[in-house]
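J.: For reference, the file upload12.cif (mmCIF, N, CA and C atoms and all ligand atoms) is included below:
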```cif
data_start
loop_
_atom_site.label_atom_id
_atom_site.label_comp_id
_atom_site.auth_asym_id
_atom_site.auth_seq_id
_atom_site.Cartn_x
_atom_site.Cartn_y
_atom_site.Cartn_z
N MET A 1 -217.76 174.11 -17.47
CA MET A 1 -218.98 173.28 -17.55
C MET A 1 -219.06 172.37 -16.33
N SER A 2 -219.76 172.78 -15.31
CA SER A 2 -219.82 172.00 -14.08
C SER A 2 -221.25 171.67 -13.66
N ASN A 3 -222.11 171.55 -14.62
CA ASN A 3 -223.48 171.16 -14.27
C ASN A 3 -223.46 169.74 -13.73
N ASP A 4 -224.49 169.39 -12.97
CA ASP A 4 -224.45 168.05 -12.38
C ASP A 4 -225.18 167.03 -13.25
N ARG A 5 -225.70 167.45 -14.38
CA ARG A 5 -226.34 166.51 -15.29
C ARG A 5 -225.37 166.14 -16.40
N VAL A 6 -225.39 164.86 -16.77
CA VAL A 6 -224.57 164.42 -17.89
C VAL A 6 -225.40 164.60 -19.16
N THR A 7 -224.87 165.36 -20.10
CA THR A 7 -225.62 165.60 -21.33
C THR A 7 -225.44 164.43 -22.30
N ALA A 8 -226.28 164.39 -23.29
CA ALA A 8 -226.18 163.34 -24.31
C ALA A 8 -224.83 163.41 -25.02
N GLU A 9 -224.34 164.63 -25.25
CA GLU A 9 -223.06 164.80 -25.91
C GLU A 9 -221.91 164.30 -25.02
N GLN A 10 -221.99 164.59 -23.72
CA GLN A 10 -220.96 164.07 -22.81
C GLN A 10 -220.98 162.55 -22.79
N ARG A 11 -222.18 161.98 -22.77
CA ARG A 11 -222.30 160.53 -22.76
C ARG A 11 -221.63 159.93 -24.01
N ARG A 12 -221.88 160.57 -25.14
CA ARG A 12 -221.29 160.10 -26.39
C ARG A 12 -219.76 160.16 -26.32
N LEU A 13 -219.24 161.26 -25.78
CA LEU A 13 -217.79 161.42 -25.68
C LEU A 13 -217.18 160.41 -24.71
N VAL A 14 -217.89 160.15 -23.61
CA VAL A 14 -217.37 159.20 -22.62
C VAL A 14 -217.32 157.79 -23.22
N ILE A 15 -218.35 157.43 -23.96
CA ILE A 15 -218.38 156.09 -24.57
C ILE A 15 -217.27 155.97 -25.61
N GLU A 16 -217.09 157.03 -26.39
CA GLU A 16 -216.06 157.03 -27.44
C GLU A 16 -214.67 156.92 -26.80
N ARG A 17 -214.43 157.72 -25.77
CA ARG A 17 -213.12 157.71 -25.10
C ARG A 17 -212.81 156.33 -24.52
N ALA A 18 -213.84 155.67 -23.96
CA ALA A 18 -213.64 154.35 -23.34
C ALA A 18 -213.67 153.23 -24.37
N LYS A 19 -213.83 153.58 -25.63
CA LYS A 19 -213.95 152.60 -26.71
C LYS A 19 -215.03 151.56 -26.40
N GLY A 20 -216.08 152.02 -25.74
CA GLY A 20 -217.22 151.14 -25.49
C GLY A 20 -216.99 150.08 -24.43
N CYS A 21 -215.93 150.24 -23.63
CA CYS A 21 -215.65 149.24 -22.59
C CYS A 21 -215.86 149.86 -21.20
N CYS A 22 -216.38 149.05 -20.29
CA CYS A 22 -216.39 149.45 -18.89
C CYS A 22 -214.95 149.77 -18.50
N GLU A 23 -214.74 150.89 -17.84
CA GLU A 23 -213.36 151.30 -17.55
C GLU A 23 -212.78 150.59 -16.33
N TYR A 24 -213.57 149.70 -15.72
CA TYR A 24 -213.08 148.92 -14.58
C TYR A 24 -212.88 147.45 -14.98
N CYS A 25 -213.97 146.76 -15.32
CA CYS A 25 -213.84 145.32 -15.64
C CYS A 25 -213.60 145.10 -17.13
N VAL A 26 -213.60 146.15 -17.92
CA VAL A 26 -213.43 146.19 -19.36
C VAL A 26 -214.41 145.32 -20.16
N SER A 27 -215.56 145.04 -19.57
CA SER A 27 -216.65 144.43 -20.36
C SER A 27 -217.01 145.37 -21.50
N GLN A 28 -217.43 144.79 -22.61
CA GLN A 28 -217.75 145.59 -23.78
C GLN A 28 -219.25 145.82 -23.90
N MET A 29 -219.59 147.08 -24.10
CA MET A 29 -221.02 147.45 -24.26
C MET A 29 -221.70 146.62 -25.35
N ASP A 30 -220.96 146.35 -26.41
CA ASP A 30 -221.54 145.66 -27.56
C ASP A 30 -221.95 144.23 -27.22
N PHE A 31 -221.40 143.70 -26.12
CA PHE A 31 -221.73 142.33 -25.75
C PHE A 31 -222.35 142.27 -24.36
N ALA A 32 -223.07 143.30 -23.99
CA ALA A 32 -223.68 143.33 -22.66
C ALA A 32 -225.20 143.34 -22.79
N THR A 33 -225.83 142.70 -21.85
CA THR A 33 -227.30 142.70 -21.87
C THR A 33 -227.86 143.83 -21.03
N GLN A 34 -227.04 144.37 -20.12
CA GLN A 34 -227.50 145.49 -19.30
C GLN A 34 -226.90 146.78 -19.82
N SER A 35 -227.60 147.88 -19.59
CA SER A 35 -227.11 149.15 -20.07
C SER A 35 -225.91 149.61 -19.25
N PHE A 36 -225.04 150.38 -19.87
CA PHE A 36 -223.88 150.94 -19.20
C PHE A 36 -224.23 152.35 -18.70
N SER A 37 -223.54 152.76 -17.66
CA SER A 37 -223.78 154.08 -17.08
C SER A 37 -222.56 154.97 -17.25
N VAL A 38 -222.83 156.26 -17.34
CA VAL A 38 -221.75 157.22 -17.21
C VAL A 38 -221.65 157.53 -15.72
N GLU A 39 -220.52 157.14 -15.16
CA GLU A 39 -220.33 157.18 -13.72
C GLU A 39 -219.54 158.42 -13.32
N HIS A 40 -219.90 158.99 -12.16
CA HIS A 40 -219.10 160.07 -11.57
C HIS A 40 -218.04 159.43 -10.70
N ILE A 41 -216.77 159.61 -11.06
CA ILE A 41 -215.69 158.96 -10.32
C ILE A 41 -215.68 159.48 -8.88
N LEU A 42 -215.58 160.78 -8.72
CA LEU A 42 -215.88 161.39 -7.41
C LEU A 42 -217.39 161.62 -7.41
N PRO A 43 -218.11 160.93 -6.54
CA PRO A 43 -219.57 160.98 -6.61
C PRO A 43 -220.13 162.39 -6.47
N ARG A 44 -221.24 162.61 -7.12
CA ARG A 44 -221.89 163.91 -7.00
C ARG A 44 -222.18 164.25 -5.54
N ALA A 45 -222.54 163.20 -4.75
CA ALA A 45 -222.84 163.40 -3.32
C ALA A 45 -221.64 163.93 -2.56
N LYS A 46 -220.44 163.71 -3.12
CA LYS A 46 -219.23 164.20 -2.46
C LYS A 46 -218.65 165.40 -3.19
N GLY A 47 -219.47 166.02 -4.02
CA GLY A 47 -219.04 167.24 -4.68
C GLY A 47 -218.45 167.04 -6.06
N GLY A 48 -218.52 165.81 -6.58
CA GLY A 48 -217.97 165.54 -7.90
C GLY A 48 -218.77 166.22 -8.99
N SER A 49 -218.08 166.76 -9.98
CA SER A 49 -218.75 167.47 -11.06
C SER A 49 -219.05 166.51 -12.21
N SER A 50 -219.73 167.04 -13.21
CA SER A 50 -219.97 166.28 -14.42
C SER A 50 -219.02 166.70 -15.53
N ASP A 51 -217.87 167.23 -15.16
CA ASP A 51 -216.83 167.48 -16.17
C ASP A 51 -216.35 166.14 -16.70
N LEU A 52 -215.89 166.15 -17.94
CA LEU A 52 -215.46 164.89 -18.57
C LEU A 52 -214.36 164.21 -17.75
N GLU A 53 -213.55 165.01 -17.06
CA GLU A 53 -212.45 164.43 -16.28
C GLU A 53 -212.94 163.71 -15.02
N ASN A 54 -214.21 163.86 -14.68
CA ASN A 54 -214.76 163.14 -13.53
C ASN A 54 -215.73 162.05 -13.97
N LEU A 55 -215.79 161.79 -15.26
CA LEU A 55 -216.75 160.80 -15.77
C LEU A 55 -216.02 159.57 -16.31
N ALA A 56 -216.67 158.42 -16.12
CA ALA A 56 -216.13 157.18 -16.65
C ALA A 56 -217.29 156.31 -17.10
N LEU A 57 -217.00 155.44 -18.06
CA LEU A 57 -218.01 154.49 -18.52
C LEU A 57 -217.93 153.25 -17.63
N ALA A 58 -219.06 152.84 -17.09
CA ALA A 58 -219.07 151.67 -16.20
C ALA A 58 -220.25 150.78 -16.52
N CYS A 59 -220.00 149.47 -16.50
CA CYS A 59 -221.11 148.53 -16.67
C CYS A 59 -221.97 148.57 -15.42
N GLN A 60 -223.15 148.00 -15.52
CA GLN A 60 -224.08 148.07 -14.40
C GLN A 60 -223.52 147.42 -13.14
N GLY A 61 -222.84 146.28 -13.31
CA GLY A 61 -222.29 145.57 -12.16
C GLY A 61 -221.24 146.41 -11.44
N CYS A 62 -220.29 146.94 -12.19
CA CYS A 62 -219.25 147.77 -11.56
C CYS A 62 -219.85 149.02 -10.94
N ASN A 63 -220.77 149.62 -11.65
CA ASN A 63 -221.39 150.84 -11.15
C ASN A 63 -222.12 150.57 -9.84
N ASN A 64 -222.84 149.47 -9.76
CA ASN A 64 -223.56 149.14 -8.53
C ASN A 64 -222.60 148.89 -7.38
N HIS A 65 -221.52 148.16 -7.65
CA HIS A 65 -220.59 147.84 -6.56
C HIS A 65 -219.78 149.06 -6.15
N LYS A 66 -219.46 149.93 -7.10
CA LYS A 66 -218.67 151.11 -6.73
C LYS A 66 -219.51 152.08 -5.92
N PHE A 67 -220.73 152.30 -6.36
CA PHE A 67 -221.68 153.19 -5.68
C PHE A 67 -220.98 154.51 -5.36
N ILE A 68 -220.77 154.85 -4.10
CA ILE A 68 -220.09 156.12 -3.83
C ILE A 68 -218.70 155.89 -3.22
N LYS A 69 -218.18 154.66 -3.39
CA LYS A 69 -216.88 154.35 -2.81
C LYS A 69 -215.75 155.03 -3.58
N MET A 70 -214.75 155.49 -2.87
CA MET A 70 -213.53 156.02 -3.47
C MET A 70 -212.32 155.21 -3.02
N GLU A 71 -212.50 154.45 -1.94
CA GLU A 71 -211.40 153.70 -1.36
C GLU A 71 -211.83 152.27 -1.08
N GLY A 72 -210.83 151.40 -0.93
CA GLY A 72 -211.12 150.02 -0.60
C GLY A 72 -209.93 149.40 0.09
N LEU A 73 -210.15 148.20 0.60
CA LEU A 73 -209.11 147.49 1.33
C LEU A 73 -208.29 146.63 0.37
N ASP A 74 -206.97 146.82 0.41
CA ASP A 74 -206.08 145.93 -0.33
C ASP A 74 -205.95 144.64 0.49
N PRO A 75 -206.42 143.51 -0.05
CA PRO A 75 -206.42 142.27 0.74
C PRO A 75 -205.02 141.79 1.09
N LEU A 76 -204.02 142.22 0.35
CA LEU A 76 -202.66 141.75 0.62
C LEU A 76 -202.01 142.52 1.78
N THR A 77 -202.09 143.83 1.72
CA THR A 77 -201.43 144.64 2.76
C THR A 77 -202.40 145.05 3.86
N GLU A 78 -203.69 144.81 3.64
CA GLU A 78 -204.75 145.21 4.58
C GLU A 78 -204.73 146.72 4.84
N GLN A 79 -204.29 147.46 3.86
CA GLN A 79 -204.34 148.91 3.92
C GLN A 79 -205.53 149.41 3.12
N THR A 80 -206.12 150.50 3.57
CA THR A 80 -207.17 151.15 2.81
C THR A 80 -206.51 152.08 1.80
N VAL A 81 -206.83 151.88 0.53
CA VAL A 81 -206.18 152.65 -0.54
C VAL A 81 -207.24 153.20 -1.49
N SER A 82 -206.84 154.13 -2.32
CA SER A 82 -207.74 154.68 -3.33
C SER A 82 -208.10 153.61 -4.34
N LEU A 83 -209.34 153.62 -4.81
CA LEU A 83 -209.73 152.74 -5.90
C LEU A 83 -209.15 153.27 -7.21
N PHE A 84 -209.15 152.42 -8.21
CA PHE A 84 -208.64 152.79 -9.54
C PHE A 84 -209.38 154.01 -10.07
N HIS A 85 -208.63 154.94 -10.61
CA HIS A 85 -209.18 156.17 -11.18
C HIS A 85 -208.92 156.17 -12.69
N PRO A 86 -209.95 155.93 -13.48
CA PRO A 86 -209.73 155.75 -14.93
C PRO A 86 -209.18 156.98 -15.63
N ARG A 87 -209.29 158.16 -15.04
CA ARG A 87 -208.80 159.36 -15.73
C ARG A 87 -207.34 159.64 -15.40
N THR A 88 -206.89 159.28 -14.22
CA THR A 88 -205.52 159.62 -13.84
C THR A 88 -204.61 158.40 -13.83
N GLN A 89 -205.18 157.22 -13.99
CA GLN A 89 -204.37 156.00 -13.96
C GLN A 89 -204.68 155.16 -15.19
N ARG A 90 -203.69 154.32 -15.57
CA ARG A 90 -203.89 153.42 -16.70
C ARG A 90 -204.21 152.03 -16.20
N TRP A 91 -205.19 151.40 -16.87
CA TRP A 91 -205.66 150.06 -16.46
C TRP A 91 -204.49 149.09 -16.39
N ARG A 92 -203.67 149.08 -17.43
CA ARG A 92 -202.64 148.04 -17.48
C ARG A 92 -201.52 148.26 -16.47
N ASN A 93 -201.48 149.44 -15.83
CA ASN A 93 -200.48 149.66 -14.79
C ASN A 93 -200.95 149.16 -13.42
N HIS A 94 -202.22 148.77 -13.33
CA HIS A 94 -202.77 148.33 -12.05
C HIS A 94 -203.39 146.95 -12.10
N PHE A 95 -203.62 146.46 -13.32
CA PHE A 95 -204.28 145.16 -13.49
C PHE A 95 -203.57 144.36 -14.57
N ALA A 96 -203.75 143.05 -14.48
CA ALA A 96 -203.25 142.16 -15.54
C ALA A 96 -204.26 141.02 -15.67
N TRP A 97 -204.11 140.26 -16.75
CA TRP A 97 -204.98 139.10 -16.96
C TRP A 97 -204.28 137.83 -16.48
N ASN A 98 -205.06 136.84 -16.11
CA ASN A 98 -204.49 135.51 -15.90
C ASN A 98 -204.20 134.89 -17.27
N ASP A 99 -203.73 133.67 -17.28
CA ASP A 99 -203.24 133.07 -18.53
C ASP A 99 -204.29 132.97 -19.63
N ASP A 100 -205.54 132.74 -19.26
CA ASP A 100 -206.56 132.60 -20.32
C ASP A 100 -207.45 133.86 -20.44
N TYR A 101 -207.01 134.96 -19.87
CA TYR A 101 -207.69 136.26 -20.02
C TYR A 101 -209.11 136.27 -19.46
N THR A 102 -209.38 135.42 -18.48
CA THR A 102 -210.73 135.42 -17.90
C THR A 102 -210.78 136.12 -16.55
N ILE A 103 -209.63 136.22 -15.87
CA ILE A 103 -209.61 136.78 -14.51
C ILE A 103 -208.73 138.03 -14.48
N VAL A 104 -209.26 139.11 -13.91
CA VAL A 104 -208.46 140.32 -13.70
C VAL A 104 -207.70 140.17 -12.39
N ILE A 105 -206.40 140.41 -12.47
CA ILE A 105 -205.54 140.32 -11.29
C ILE A 105 -205.05 141.72 -10.96
N GLY A 106 -205.27 142.16 -9.72
CA GLY A 106 -204.73 143.45 -9.29
C GLY A 106 -203.24 143.32 -9.09
N THR A 107 -202.45 144.23 -9.68
CA THR A 107 -200.99 144.14 -9.58
C THR A 107 -200.42 145.21 -8.65
N THR A 108 -201.28 146.07 -8.14
CA THR A 108 -200.87 147.12 -7.20
C THR A 108 -201.91 147.13 -6.07
N PRO A 109 -201.61 147.83 -4.95
CA PRO A 109 -202.64 147.94 -3.91
C PRO A 109 -203.97 148.47 -4.46
N THR A 110 -203.90 149.51 -5.28
CA THR A 110 -205.12 150.07 -5.89
C THR A 110 -205.81 149.03 -6.77
N GLY A 111 -205.03 148.30 -7.54
CA GLY A 111 -205.61 147.28 -8.41
C GLY A 111 -206.30 146.19 -7.60
N ARG A 112 -205.60 145.70 -6.58
CA ARG A 112 -206.20 144.62 -5.77
C ARG A 112 -207.45 145.09 -5.04
N ALA A 113 -207.42 146.31 -4.49
CA ALA A 113 -208.59 146.83 -3.78
C ALA A 113 -209.76 146.99 -4.74
N THR A 114 -209.48 147.41 -5.97
CA THR A 114 -210.55 147.62 -6.94
C THR A 114 -211.14 146.29 -7.40
N VAL A 115 -210.31 145.29 -7.61
CA VAL A 115 -210.82 143.96 -7.97
C VAL A 115 -211.80 143.49 -6.90
N ASN A 116 -211.41 143.69 -5.64
CA ASN A 116 -212.24 143.25 -4.52
C ASN A 116 -213.53 144.04 -4.37
N GLU A 117 -213.40 145.35 -4.34
CA GLU A 117 -214.55 146.20 -4.03
C GLU A 117 -215.58 146.21 -5.16
N LEU A 118 -215.10 146.12 -6.40
CA LEU A 118 -216.02 146.19 -7.54
C LEU A 118 -216.35 144.80 -8.10
N TYR A 119 -215.80 143.78 -7.48
CA TYR A 119 -216.07 142.40 -7.92
C TYR A 119 -215.81 142.26 -9.43
N LEU A 120 -214.58 142.60 -9.84
CA LEU A 120 -214.29 142.61 -11.27
C LEU A 120 -214.32 141.21 -11.88
N ASN A 121 -214.33 140.18 -11.03
CA ASN A 121 -214.37 138.81 -11.55
C ASN A 121 -215.68 138.12 -11.20
N ARG A 122 -216.77 138.76 -11.54
CA ARG A 122 -218.10 138.18 -11.35
C ARG A 122 -218.29 137.01 -12.31
N ALA A 123 -219.03 136.00 -11.88
CA ALA A 123 -219.15 134.77 -12.67
C ALA A 123 -219.60 135.04 -14.11
N GLY A 124 -220.60 135.86 -14.28
CA GLY A 124 -221.11 136.13 -15.62
C GLY A 124 -220.08 136.82 -16.49
N VAL A 125 -219.31 137.71 -15.88
CA VAL A 125 -218.29 138.44 -16.63
C VAL A 125 -217.16 137.49 -17.06
N ILE A 126 -216.79 136.58 -16.16
CA ILE A 126 -215.75 135.59 -16.49
C ILE A 126 -216.21 134.73 -17.66
N ASN A 127 -217.44 134.27 -17.62
CA ASN A 127 -217.96 133.41 -18.70
C ASN A 127 -217.97 134.16 -20.02
N LEU A 128 -218.35 135.43 -19.96
CA LEU A 128 -218.38 136.23 -21.18
C LEU A 128 -216.97 136.43 -21.74
N ARG A 129 -216.00 136.68 -20.85
CA ARG A 129 -214.61 136.83 -21.31
C ARG A 129 -214.15 135.56 -22.02
N ARG A 130 -214.53 134.42 -21.46
CA ARG A 130 -214.10 133.14 -22.04
C ARG A 130 -214.66 132.98 -23.46
N VAL A 131 -215.92 133.28 -23.60
CA VAL A 131 -216.57 133.14 -24.92
C VAL A 131 -216.01 134.15 -25.92
N LEU A 132 -215.82 135.39 -25.45
CA LEU A 132 -215.32 136.43 -26.35
C LEU A 132 -213.87 136.18 -26.74
N PHE A 133 -213.08 135.64 -25.82
CA PHE A 133 -211.70 135.30 -26.16
C PHE A 133 -211.68 134.24 -27.26
N ALA A 134 -212.55 133.25 -27.14
CA ALA A 134 -212.61 132.18 -28.14
C ALA A 134 -212.98 132.72 -29.51
N SER A 135 -213.74 133.81 -29.54
CA SER A 135 -214.15 134.36 -30.83
C SER A 135 -213.27 135.55 -31.24
N GLY A 136 -212.19 135.78 -30.50
CA GLY A 136 -211.24 136.82 -30.88
C GLY A 136 -211.67 138.24 -30.54
N GLU A 137 -212.67 138.39 -29.68
CA GLU A 137 -213.17 139.73 -29.33
C GLU A 137 -212.65 140.21 -27.98
N HIS A 138 -211.80 139.45 -27.33
CA HIS A 138 -211.31 139.78 -26.00
C HIS A 138 -209.89 139.25 -25.88
N PRO A 139 -208.96 139.90 -25.19
CA PRO A 139 -209.14 141.15 -24.41
C PRO A 139 -208.93 142.39 -25.27
N PRO A 140 -209.46 143.53 -24.84
CA PRO A 140 -209.19 144.79 -25.55
C PRO A 140 -207.69 145.08 -25.53
N SER A 141 -207.16 145.57 -26.64
CA SER A 141 -205.71 145.75 -26.76
C SER A 141 -205.17 146.72 -25.72
N GLU A 142 -206.00 147.69 -25.30
CA GLU A 142 -205.53 148.68 -24.31
C GLU A 142 -205.20 148.04 -22.97
N THR A 143 -205.70 146.85 -22.73
CA THR A 143 -205.48 146.22 -21.43
C THR A 143 -204.21 145.36 -21.43
N LEU A 144 -203.58 145.22 -22.57
CA LEU A 144 -202.40 144.36 -22.64
C LEU A 144 -201.14 145.17 -22.35
N PRO A 145 -200.13 144.51 -21.78
CA PRO A 145 -198.90 145.24 -21.45
C PRO A 145 -198.25 145.81 -22.69
N LYS A 146 -197.66 146.99 -22.53
CA LYS A 146 -196.89 147.60 -23.62
C LYS A 146 -195.42 147.38 -23.33
N ARG A 147 -194.67 147.03 -24.34
CA ARG A 147 -193.27 146.72 -24.12
C ARG A 147 -192.46 147.96 -23.74
N ASP A 148 -192.92 149.12 -24.20
CA ASP A 148 -192.10 150.32 -23.96
C ASP A 148 -192.41 150.98 -22.62
N GLU A 149 -193.21 150.33 -21.75
CA GLU A 149 -193.52 150.95 -20.46
C GLU A 149 -192.99 150.14 -19.31
ZN ZN B 1 -217.54 146.70 -15.35
#
```
So that I can check it, write out the structure of this file as structure tokens.

T.:
Amino acid sequence: MSNDRVTAEQRRLVIERAKGCCEYCVSQMDFATQSFSVEHILPRAKGGSSDLENLALACQGCNNHKFIKMEGLDPLTEQTVSLFHPRTQRWRNHFAWNDDYTIVIGTTPTGRATVNELYLNRAGVINLRRVLFASGEHPPSETLPKRDE
């Protein structure tokens, strides 16, 4: 199945797999005012397919900033590295939260480059994390460190 259109069924599966969260900034669809997109990780313009393994759920902000980028600059090492790939990498292996769960911190070159390029700490997103944390709706458990890893 390599058509370049995302079907309604694929969209449903992508949302279910992502548990309704942007796979980059982990904003939750249920608490967003803008619609979420099914994003092509390798852009269609660069030959990316619409197979489920090339699709990710992204909020409008992350989707706009990612656009057709696959790489970004790690501000620490000043190396150009691959951006986070939600299908082949785990969020918690590349990112962590600050103490009050409002700021995403890149813990690897890929993590840091992705925080920078996709602006994962946009003001509105930070404010929403703060409010959702206070009401017990944030952070998603998948983003927390696992003791056995
Ligand atoms: Zn996002």

J.: Can you pull out every residue within 12 Å of Ser141 (chain A), counting only C-alpha atoms, but drop anything in the same chain fewer than 2 positions away, and send it as a list in words?

T.: Lys19, Cys21, Val26, Trp91, Arg92, Trp97, Tyr101, Gly136, Glu137, His138, Pro139, Thr143, Leu144, Pro145 and Lys146 of chain A

J.: Hey, can you pull every residue with an atom no more than 7 Å from (-205.3, 150.6, -10.3), using only C-alpha atoms, and send it as a PyMOL selection string?

T.: chain A and resi 83-85+89+91+93-95+108+110-111+114

J.: Select, counting only N, CA and C atoms, all protein, DNA and RNA residues no farther than 8 Å from (-213.3, 145.9, -11.8) in file coordinates, and express the selection as a CSV table (one decimal) with N, CA and C atoms, in the frame of the given file.

T.:
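selection_25.csv was written with the following content:
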```csv
chain,number,residue,atom,x,y,z
A,22,CYS,N,-216.4,149.0,-20.3
A,22,CYS,CA,-216.4,149.4,-18.9
A,22,CYS,C,-215.0,149.8,-18.5
A,23,GLU,N,-214.7,150.9,-17.8
A,23,GLU,CA,-213.4,151.3,-17.6
A,23,GLU,C,-212.8,150.6,-16.3
A,24,TYR,N,-213.6,149.7,-15.7
A,24,TYR,CA,-213.1,148.9,-14.6
A,24,TYR,C,-212.9,147.4,-15.0
A,25,CYS,N,-214.0,146.8,-15.3
A,25,CYS,CA,-213.8,145.3,-15.6
A,25,CYS,C,-213.6,145.1,-17.1
A,26,VAL,N,-213.6,146.2,-17.9
A,26,VAL,CA,-213.4,146.2,-19.4
A,26,VAL,C,-214.4,145.3,-20.2
A,61,GLY,N,-222.8,146.3,-13.3
A,61,GLY,CA,-222.3,145.6,-12.2
A,61,GLY,C,-221.2,146.4,-11.4
A,62,CYS,N,-220.3,146.9,-12.2
A,62,CYS,CA,-219.2,147.8,-11.6
A,62,CYS,C,-219.8,149.0,-10.9
A,104,VAL,N,-209.3,139.1,-13.9
A,104,VAL,CA,-208.5,140.3,-13.7
A,104,VAL,C,-207.7,140.2,-12.4
A,113,ALA,N,-207.4,146.3,-4.5
A,113,ALA,CA,-208.6,146.8,-3.8
A,113,ALA,C,-209.8,147.0,-4.7
A,114,THR,N,-209.5,147.4,-6.0
A,114,THR,CA,-210.6,147.6,-6.9
A,114,THR,C,-211.1,146.3,-7.4
A,115,VAL,N,-210.3,145.3,-7.6
A,115,VAL,CA,-210.8,144.0,-8.0
A,115,VAL,C,-211.8,143.5,-6.9
A,116,ASN,N,-211.4,143.7,-5.6
A,116,ASN,CA,-212.2,143.2,-4.5
A,116,ASN,C,-213.5,144.0,-4.4
A,117,GLU,N,-213.4,145.4,-4.3
A,117,GLU,CA,-214.6,146.2,-4.0
A,117,GLU,C,-215.6,146.2,-5.2
A,118,LEU,N,-215.1,146.1,-6.4
A,118,LEU,CA,-216.0,146.2,-7.5
A,118,LEU,C,-216.4,144.8,-8.1
A,119,TYR,N,-215.8,143.8,-7.5
A,119,TYR,CA,-216.1,142.4,-7.9
A,119,TYR,C,-215.8,142.3,-9.4
A,120,LEU,N,-214.6,142.6,-9.8
A,120,LEU,CA,-214.3,142.6,-11.3
A,120,LEU,C,-214.3,141.2,-11.9
A,121,ASN,N,-214.3,140.2,-11.0
A,121,ASN,CA,-214.4,138.8,-11.6
A,121,ASN,C,-215.7,138.1,-11.2
A,122,ARG,N,-216.8,138.8,-11.5
A,122,ARG,CA,-218.1,138.2,-11.4
A,122,ARG,C,-218.3,137.0,-12.3
```

J.: Could you give me, as a PDB file with N, CA and C atoms, keeping the file's coordinate frame, the residues within 6 Å of Ala56 (chain A), counting only N, CA and C atoms and dropping anything in the same chain fewer than 3 positions from it?

T.:
```pdb
ATOM      1  N   SER A  37    -223.540 152.760 -17.660  1.00  0.00           N
ATOM      2  CA  SER A  37    -223.780 154.080 -17.080  1.00  0.00           C
ATOM      3  C   SER A  37    -222.560 154.970 -17.250  1.00  0.00           C
ATOM      4  N   VAL A  38    -222.830 156.260 -17.340  1.00  0.00           N
ATOM      5  CA  VAL A  38    -221.750 157.220 -17.210  1.00  0.00           C
ATOM      6  C   VAL A  38    -221.650 157.530 -15.720  1.00  0.00           C
ATOM      7  N   GLU A  39    -220.520 157.140 -15.160  1.00  0.00           N
ATOM      8  CA  GLU A  39    -220.330 157.180 -13.720  1.00  0.00           C
ATOM      9  C   GLU A  39    -219.540 158.420 -13.320  1.00  0.00           C
ATOM     10  N   HIS A  40    -219.900 158.990 -12.160  1.00  0.00           N
ATOM     11  CA  HIS A  40    -219.100 160.070 -11.570  1.00  0.00           C
ATOM     12  C   HIS A  40    -218.040 159.430 -10.700  1.00  0.00           C
ATOM     13  N   ILE A  41    -216.770 159.610 -11.060  1.00  0.00           N
ATOM     14  CA  ILE A  41    -215.690 158.960 -10.320  1.00  0.00           C
ATOM     15  C   ILE A  41    -215.680 159.480  -8.880  1.00  0.00           C
TER      16      ILE A  41
END
```

J.: CA of Thr102 (chain A) and CA of Ala18 (chain A) are how many Å apart?

T.: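 Pair CA of Thr102 (chain A) / CA of Ala18 (chain A) returns 19.9 Å.
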
J.: Which residue is closest to ligand ZN 1 (chain B)? Choose from A:Gly20, A:Leu76, A:Val6, A:Ser27 and count all atoms listed in the file.

T.: A:Ser27

J.: Can you list, as a count of residues only, every residue of region 16-141 of chain A that DSSP puts in helix (DSSP H, G or I)?

T.: 44

J.: Please measure the separation of atom C of Ser135 (chain A) and CA of Arg87 (chain A), giving the value in Å to one decimal.

T.: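 Atom-to-atom, atom C of Ser135 (chain A) and CA of Arg87 (chain A) are spaced 28.8 Å apart.
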
J.: Pull the strand (DSSP E or B) assignments for region 7-122 of chain A out of DSSP run on the backbone, and list those residues as a list of chain:residue names.

T.: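 Here are the strand (DSSP E or B) residues of region 7-122 of chain A: A:Cys21, A:Gln28, A:Ser37, A:Val38, A:Glu39, A:His40, A:Leu55, A:Ala56, A:Leu57, A:Ala58, A:Glu71, A:Gly72, A:Leu73, A:Thr80, A:Val81, A:Ser82, A:Phe95, A:Ala96, A:Trp97, A:Val104, A:Ile105, A:Gly106.
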
J.: What's around Glu71 (chain A) at 5 Å? Count all atoms listed in the file, leave out sequence neighbours fewer than 2 positions away in its own chain, and write the answer as a PDB file with N, CA and C atoms, in the frame of the given file.

T.:
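For reference, around38.pdb as written:
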```pdb
ATOM      1  N   LYS A  69    -218.180 154.660  -3.390  1.00  0.00           N
ATOM      2  CA  LYS A  69    -216.880 154.350  -2.810  1.00  0.00           C
ATOM      3  C   LYS A  69    -215.750 155.030  -3.580  1.00  0.00           C
ATOM      4  N   LEU A  73    -210.150 148.200   0.600  1.00  0.00           N
ATOM      5  CA  LEU A  73    -209.110 147.490   1.330  1.00  0.00           C
ATOM      6  C   LEU A  73    -208.290 146.630   0.370  1.00  0.00           C
ATOM      7  N   VAL A  81    -206.830 151.880   0.530  1.00  0.00           N
ATOM      8  CA  VAL A  81    -206.180 152.650  -0.540  1.00  0.00           C
ATOM      9  C   VAL A  81    -207.240 153.200  -1.490  1.00  0.00           C
ATOM     10  N   SER A  82    -206.840 154.130  -2.320  1.00  0.00           N
ATOM     11  CA  SER A  82    -207.740 154.680  -3.330  1.00  0.00           C
ATOM     12  C   SER A  82    -208.100 153.610  -4.340  1.00  0.00           C
ATOM     13  N   LEU A  83    -209.340 153.620  -4.810  1.00  0.00           N
ATOM     14  CA  LEU A  83    -209.730 152.740  -5.900  1.00  0.00           C
ATOM     15  C   LEU A  83    -209.150 153.270  -7.210  1.00  0.00           C
TER      16      LEU A  83
END
```

J.: Please compute the atom C of Arg5 (chain A)-atom C of Ser49 (chain A) distance, one decimal, in Å.

T.: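 These atoms are spaced 7.6 Å apart.
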